[in-house]
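Visitor: Here you go, one structure.
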Amino acid sequence: MAGFIYFKEYEVIFNNRQFSSTITFVSEVARKLATENEMKYVKKMENNVENYWPGMCLDIETDFPELEERKFWSKMFYETAREIFERKIGVQDYFFWQTQRIYQIYGTGKVFEKAVKEVEPKWMPDIRDYREFDEWTNKRNKE
């Protein structure tokens, strides 16, 4: 059985174990990065972990109706992919799971981003990857 996180025709597929651990990882990262006001989003997501059932799916359109919440989760999924890449979260004894999980989590960040851009087409998430890219680009352009 599989779970999905989707928005309209965009989706990311997870097996049951991946779905559950992904929500746990993203909640863990969000708990570290959330502002006091954003903690309500973290608690809502953690409720998904507590009430997890095999085959569970999250429909961004109905489960995350607030634009600010979609923005928040877009950033948190991207940051969680980065945390896995940097080996700061998850099982570090083995590498085999990291590539697929980064793909799934980064892809989910993209799906949340698409849900935001439907309302705010020029919105870009403020994440480390984008900030580092801008820094690198600016440095290269000065050379």
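Scheme for the structure tokens: letters A, B, ... for chains in order shown; per-chain residue numbers from 1; ligand numbers from 1 in order shown.
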Write out as a ChimeraX atom specification all residues of chain A that DSSP puts in alpha helix (DSSP H) for this structure's backbone.

Guide: /A:16-33,39-50,60-63,67-85,98-117,128-142

Visitor: Quick one: contact table of stretch 58-135 of chain A to stretch 22-28 of chain A, 12 Å max, nearest atom pair and distance in Å to one decimal per residue, counting only C-alpha atoms, chain and number order, as a tab-separated table?

Guide:
```
residue	atom	partner	partner_atom	distance
A:Leu58	CA	A:Ile23	CA	10.6
A:Phe72	CA	A:Val26	CA	11.1
A:Trp73	CA	A:Val26	CA	8.5
A:Ser74	CA	A:Val26	CA	10.4
A:Lys75	CA	A:Val26	CA	10.0
A:Met76	CA	A:Val26	CA	6.3
A:Phe77	CA	A:Val26	CA	6.1
A:Tyr78	CA	A:Val26	CA	9.2
A:Glu79	CA	A:Val26	CA	8.3
A:Thr80	CA	A:Val26	CA	5.7
A:Ala81	CA	A:Val26	CA	8.7
A:Arg82	CA	A:Val26	CA	10.9
A:Glu83	CA	A:Phe25	CA	9.2
A:Ile84	CA	A:Phe25	CA	9.0
A:Lys88	CA	A:Phe25	CA	10.5
A:Ile89	CA	A:Phe25	CA	7.2
A:Gly90	CA	A:Phe25	CA	7.4
A:Val91	CA	A:Phe25	CA	11.0
A:Trp97	CA	A:Thr22	CA	11.7
A:Gln98	CA	A:Thr22	CA	11.4
A:Gln100	CA	A:Thr22	CA	11.4
A:Arg101	CA	A:Thr22	CA	7.9
A:Ile102	CA	A:Thr22	CA	9.8
A:Tyr103	CA	A:Thr22	CA	11.5
A:Gln104	CA	A:Thr22	CA	8.8
A:Ile105	CA	A:Thr22	CA	7.3
A:Tyr106	CA	A:Val26	CA	11.0
A:Thr108	CA	A:Thr22	CA	10.2
A:Gly109	CA	A:Val26	CA	10.5
```

Visitor: Got time to write the residues from that selection, N, CA and C atoms, as a PDB file, in the first residue's frame?

Guide:
```pdb
ATOM      1  N   LEU A  58      -2.148  12.901   1.873  1.00  0.00           N
ATOM      2  CA  LEU A  58      -2.374  14.294   2.222  1.00  0.00           C
ATOM      3  C   LEU A  58      -2.668  15.062   0.941  1.00  0.00           C
ATOM      4  N   PHE A  72       4.985  27.564   4.541  1.00  0.00           N
ATOM      5  CA  PHE A  72       5.777  26.985   5.628  1.00  0.00           C
ATOM      6  C   PHE A  72       6.211  25.563   5.286  1.00  0.00           C
ATOM      7  N   TRP A  73       5.263  24.724   4.838  1.00  0.00           N
ATOM      8  CA  TRP A  73       5.612  23.325   4.571  1.00  0.00           C
ATOM      9  C   TRP A  73       6.489  23.178   3.339  1.00  0.00           C
ATOM     10  N   SER A  74       6.340  24.045   2.373  1.00  0.00           N
ATOM     11  CA  SER A  74       7.265  24.011   1.239  1.00  0.00           C
ATOM     12  C   SER A  74       8.687  24.176   1.750  1.00  0.00           C
ATOM     13  N   LYS A  75       8.899  25.186   2.572  1.00  0.00           N
ATOM     14  CA  LYS A  75      10.238  25.427   3.124  1.00  0.00           C
ATOM     15  C   LYS A  75      10.706  24.264   3.985  1.00  0.00           C
ATOM     16  N   MET A  76       9.824  23.710   4.800  1.00  0.00           N
ATOM     17  CA  MET A  76      10.237  22.644   5.714  1.00  0.00           C
ATOM     18  C   MET A  76      10.598  21.368   4.955  1.00  0.00           C
ATOM     19  N   PHE A  77       9.870  21.049   3.899  1.00  0.00           N
ATOM     20  CA  PHE A  77      10.230  19.858   3.120  1.00  0.00           C
ATOM     21  C   PHE A  77      11.584  20.059   2.447  1.00  0.00           C
ATOM     22  N   TYR A  78      11.810  21.237   1.865  1.00  0.00           N
ATOM     23  CA  TYR A  78      13.120  21.515   1.267  1.00  0.00           C
ATOM     24  C   TYR A  78      14.230  21.422   2.310  1.00  0.00           C
ATOM     25  N   GLU A  79      14.013  22.025   3.463  1.00  0.00           N
ATOM     26  CA  GLU A  79      15.044  22.013   4.511  1.00  0.00           C
ATOM     27  C   GLU A  79      15.280  20.602   5.049  1.00  0.00           C
ATOM     28  N   THR A  80      14.242  19.784   5.076  1.00  0.00           N
ATOM     29  CA  THR A  80      14.406  18.399   5.536  1.00  0.00           C
ATOM     30  C   THR A  80      15.255  17.614   4.541  1.00  0.00           C
ATOM     31  N   ALA A  81      15.033  17.820   3.245  1.00  0.00           N
ATOM     32  CA  ALA A  81      15.880  17.158   2.234  1.00  0.00           C
ATOM     33  C   ALA A  81      17.337  17.552   2.458  1.00  0.00           C
ATOM     34  N   ARG A  82      17.570  18.801   2.755  1.00  0.00           N
ATOM     35  CA  ARG A  82      18.934  19.284   3.011  1.00  0.00           C
ATOM     36  C   ARG A  82      19.514  18.626   4.259  1.00  0.00           C
ATOM     37  N   GLU A  83      18.714  18.487   5.300  1.00  0.00           N
ATOM     38  CA  GLU A  83      19.173  17.850   6.539  1.00  0.00           C
ATOM     39  C   GLU A  83      19.577  16.393   6.286  1.00  0.00           C
ATOM     40  N   ILE A  84      18.832  15.695   5.439  1.00  0.00           N
ATOM     41  CA  ILE A  84      19.196  14.314   5.090  1.00  0.00           C
ATOM     42  C   ILE A  84      20.499  14.321   4.304  1.00  0.00           C
ATOM     43  N   LYS A  88      22.236  14.898   8.925  1.00  0.00           N
ATOM     44  CA  LYS A  88      21.864  15.411  10.244  1.00  0.00           C
ATOM     45  C   LYS A  88      20.581  14.779  10.765  1.00  0.00           C
ATOM     46  N   ILE A  89      19.899  14.043   9.914  1.00  0.00           N
ATOM     47  CA  ILE A  89      18.636  13.438  10.308  1.00  0.00           C
ATOM     48  C   ILE A  89      18.528  12.067   9.638  1.00  0.00           C
ATOM     49  N   GLY A  90      17.881  11.143  10.301  1.00  0.00           N
ATOM     50  CA  GLY A  90      17.696   9.806   9.743  1.00  0.00           C
ATOM     51  C   GLY A  90      18.788   8.847  10.166  1.00  0.00           C
ATOM     52  N   VAL A  91      18.713   7.646   9.658  1.00  0.00           N
ATOM     53  CA  VAL A  91      19.669   6.589   9.964  1.00  0.00           C
ATOM     54  C   VAL A  91      20.940   6.848   9.167  1.00  0.00           C
ATOM     55  N   TRP A  97      19.061   4.508   1.557  1.00  0.00           N
ATOM     56  CA  TRP A  97      17.743   5.129   1.645  1.00  0.00           C
ATOM     57  C   TRP A  97      17.763   6.621   1.326  1.00  0.00           C
ATOM     58  N   GLN A  98      18.932   7.259   1.427  1.00  0.00           N
ATOM     59  CA  GLN A  98      18.991   8.718   1.375  1.00  0.00           C
ATOM     60  C   GLN A  98      18.608   9.307   0.024  1.00  0.00           C
ATOM     61  N   GLN A 100      16.674   8.204  -2.467  1.00  0.00           N
ATOM     62  CA  GLN A 100      15.243   8.150  -2.741  1.00  0.00           C
ATOM     63  C   GLN A 100      14.468   9.080  -1.813  1.00  0.00           C
ATOM     64  N   ARG A 101      14.829   9.101  -0.555  1.00  0.00           N
ATOM     65  CA  ARG A 101      14.096   9.940   0.393  1.00  0.00           C
ATOM     66  C   ARG A 101      14.294  11.420   0.099  1.00  0.00           C
ATOM     67  N   ILE A 102      15.519  11.816  -0.257  1.00  0.00           N
ATOM     68  CA  ILE A 102      15.757  13.211  -0.633  1.00  0.00           C
ATOM     69  C   ILE A 102      14.886  13.561  -1.840  1.00  0.00           C
ATOM     70  N   TYR A 103      14.842  12.677  -2.818  1.00  0.00           N
ATOM     71  CA  TYR A 103      14.007  12.894  -4.008  1.00  0.00           C
ATOM     72  C   TYR A 103      12.544  13.097  -3.609  1.00  0.00           C
ATOM     73  N   GLN A 104      12.037  12.227  -2.753  1.00  0.00           N
ATOM     74  CA  GLN A 104      10.639  12.312  -2.347  1.00  0.00           C
ATOM     75  C   GLN A 104      10.359  13.598  -1.556  1.00  0.00           C
ATOM     76  N   ILE A 105      11.228  13.901  -0.626  1.00  0.00           N
ATOM     77  CA  ILE A 105      10.991  15.056   0.245  1.00  0.00           C
ATOM     78  C   ILE A 105      11.190  16.357  -0.518  1.00  0.00           C
ATOM     79  N   TYR A 106      12.234  16.451  -1.320  1.00  0.00           N
ATOM     80  CA  TYR A 106      12.444  17.650  -2.134  1.00  0.00           C
ATOM     81  C   TYR A 106      11.274  17.815  -3.107  1.00  0.00           C
ATOM     82  N   THR A 108       8.251  16.829  -2.682  1.00  0.00           N
ATOM     83  CA  THR A 108       7.086  17.279  -1.930  1.00  0.00           C
ATOM     84  C   THR A 108       7.178  18.783  -1.665  1.00  0.00           C
ATOM     85  N   GLY A 109       8.380  19.265  -1.391  1.00  0.00           N
ATOM     86  CA  GLY A 109       8.567  20.714  -1.254  1.00  0.00           C
ATOM     87  C   GLY A 109       8.145  21.430  -2.525  1.00  0.00           C
TER      88      GLY A 109
END
```

Visitor: Restricting the calculation to only C-alpha atoms: of A:Arg87, A:Lys43, A:Lys71, A:Lys139, which residue gets closest to A:Glu120?

Guide: A:Lys71

Visitor: To test your reading of the structure, identify every residue in chain A that backbone DSSP assigns to strand (DSSP E or B), and report it as a list in words.

Guide: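 Here is the list: Ala2, Gly3, Phe4, Ile5, Tyr6, Phe7, Tyr10, Glu11, Val12, Ile13, Phe14, Asn15, Leu58 and Asp59 of chain A.
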
Visitor: Would you export the selected residues with N, CA and C atoms as a short mmCIF file (atom, residue, chain, number, x, y, z; two decimals), in the first residue's frame, please?

Guide:
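What landed in result_20.cif:
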```cif
data_model
loop_
_atom_site.label_atom_id
_atom_site.label_comp_id
_atom_site.auth_asym_id
_atom_site.auth_seq_id
_atom_site.Cartn_x
_atom_site.Cartn_y
_atom_site.Cartn_z
N ALA A 2 0.41 2.30 -0.63
CA ALA A 2 1.21 3.51 -0.74
C ALA A 2 0.41 4.71 -0.25
N GLY A 3 1.15 5.75 0.11
CA GLY A 3 0.55 7.02 0.48
C GLY A 3 1.02 8.09 -0.49
N PHE A 4 0.23 9.12 -0.63
CA PHE A 4 0.54 10.20 -1.55
C PHE A 4 0.47 11.53 -0.81
N ILE A 5 1.28 12.46 -1.25
CA ILE A 5 1.09 13.86 -0.91
C ILE A 5 0.90 14.53 -2.25
N TYR A 6 -0.23 15.19 -2.43
CA TYR A 6 -0.53 15.69 -3.75
C TYR A 6 -1.25 17.04 -3.74
N PHE A 7 -1.16 17.70 -4.88
CA PHE A 7 -1.89 18.93 -5.16
C PHE A 7 -2.29 18.86 -6.62
N TYR A 10 -0.18 17.04 -9.36
CA TYR A 10 1.18 16.82 -8.88
C TYR A 10 1.14 15.93 -7.65
N GLU A 11 2.01 14.91 -7.63
CA GLU A 11 1.99 14.00 -6.48
C GLU A 11 3.38 13.41 -6.24
N VAL A 12 3.58 13.03 -5.00
CA VAL A 12 4.76 12.28 -4.62
C VAL A 12 4.24 11.03 -3.91
N ILE A 13 4.77 9.89 -4.31
CA ILE A 13 4.31 8.60 -3.79
C ILE A 13 5.30 8.06 -2.77
N PHE A 14 4.79 7.52 -1.70
CA PHE A 14 5.59 6.93 -0.62
C PHE A 14 5.01 5.56 -0.28
N ASN A 15 5.89 4.61 0.09
CA ASN A 15 5.33 3.41 0.70
C ASN A 15 4.98 3.79 2.14
N LEU A 58 -2.15 12.90 1.87
CA LEU A 58 -2.37 14.29 2.22
C LEU A 58 -2.67 15.06 0.94
N ASP A 59 -3.82 15.69 0.91
CA ASP A 59 -4.24 16.53 -0.21
C ASP A 59 -3.97 17.97 0.21
#
```

Visitor: Do you know which residues are at most 10 Å from A:Tyr52 counting only C-alpha atoms, after dropping those on the same chain fewer than 4 positions away, and could you put them as a ChimeraX atom specification?

Guide: /A:16,19-20,23,46-48,56-57

Visitor: Tell me which of A:Thr99, A:Gln92, A:Asn141, A:Asn37 sits closest to A:Glu68, counting only C-alpha atoms.

Guide: A:Asn37
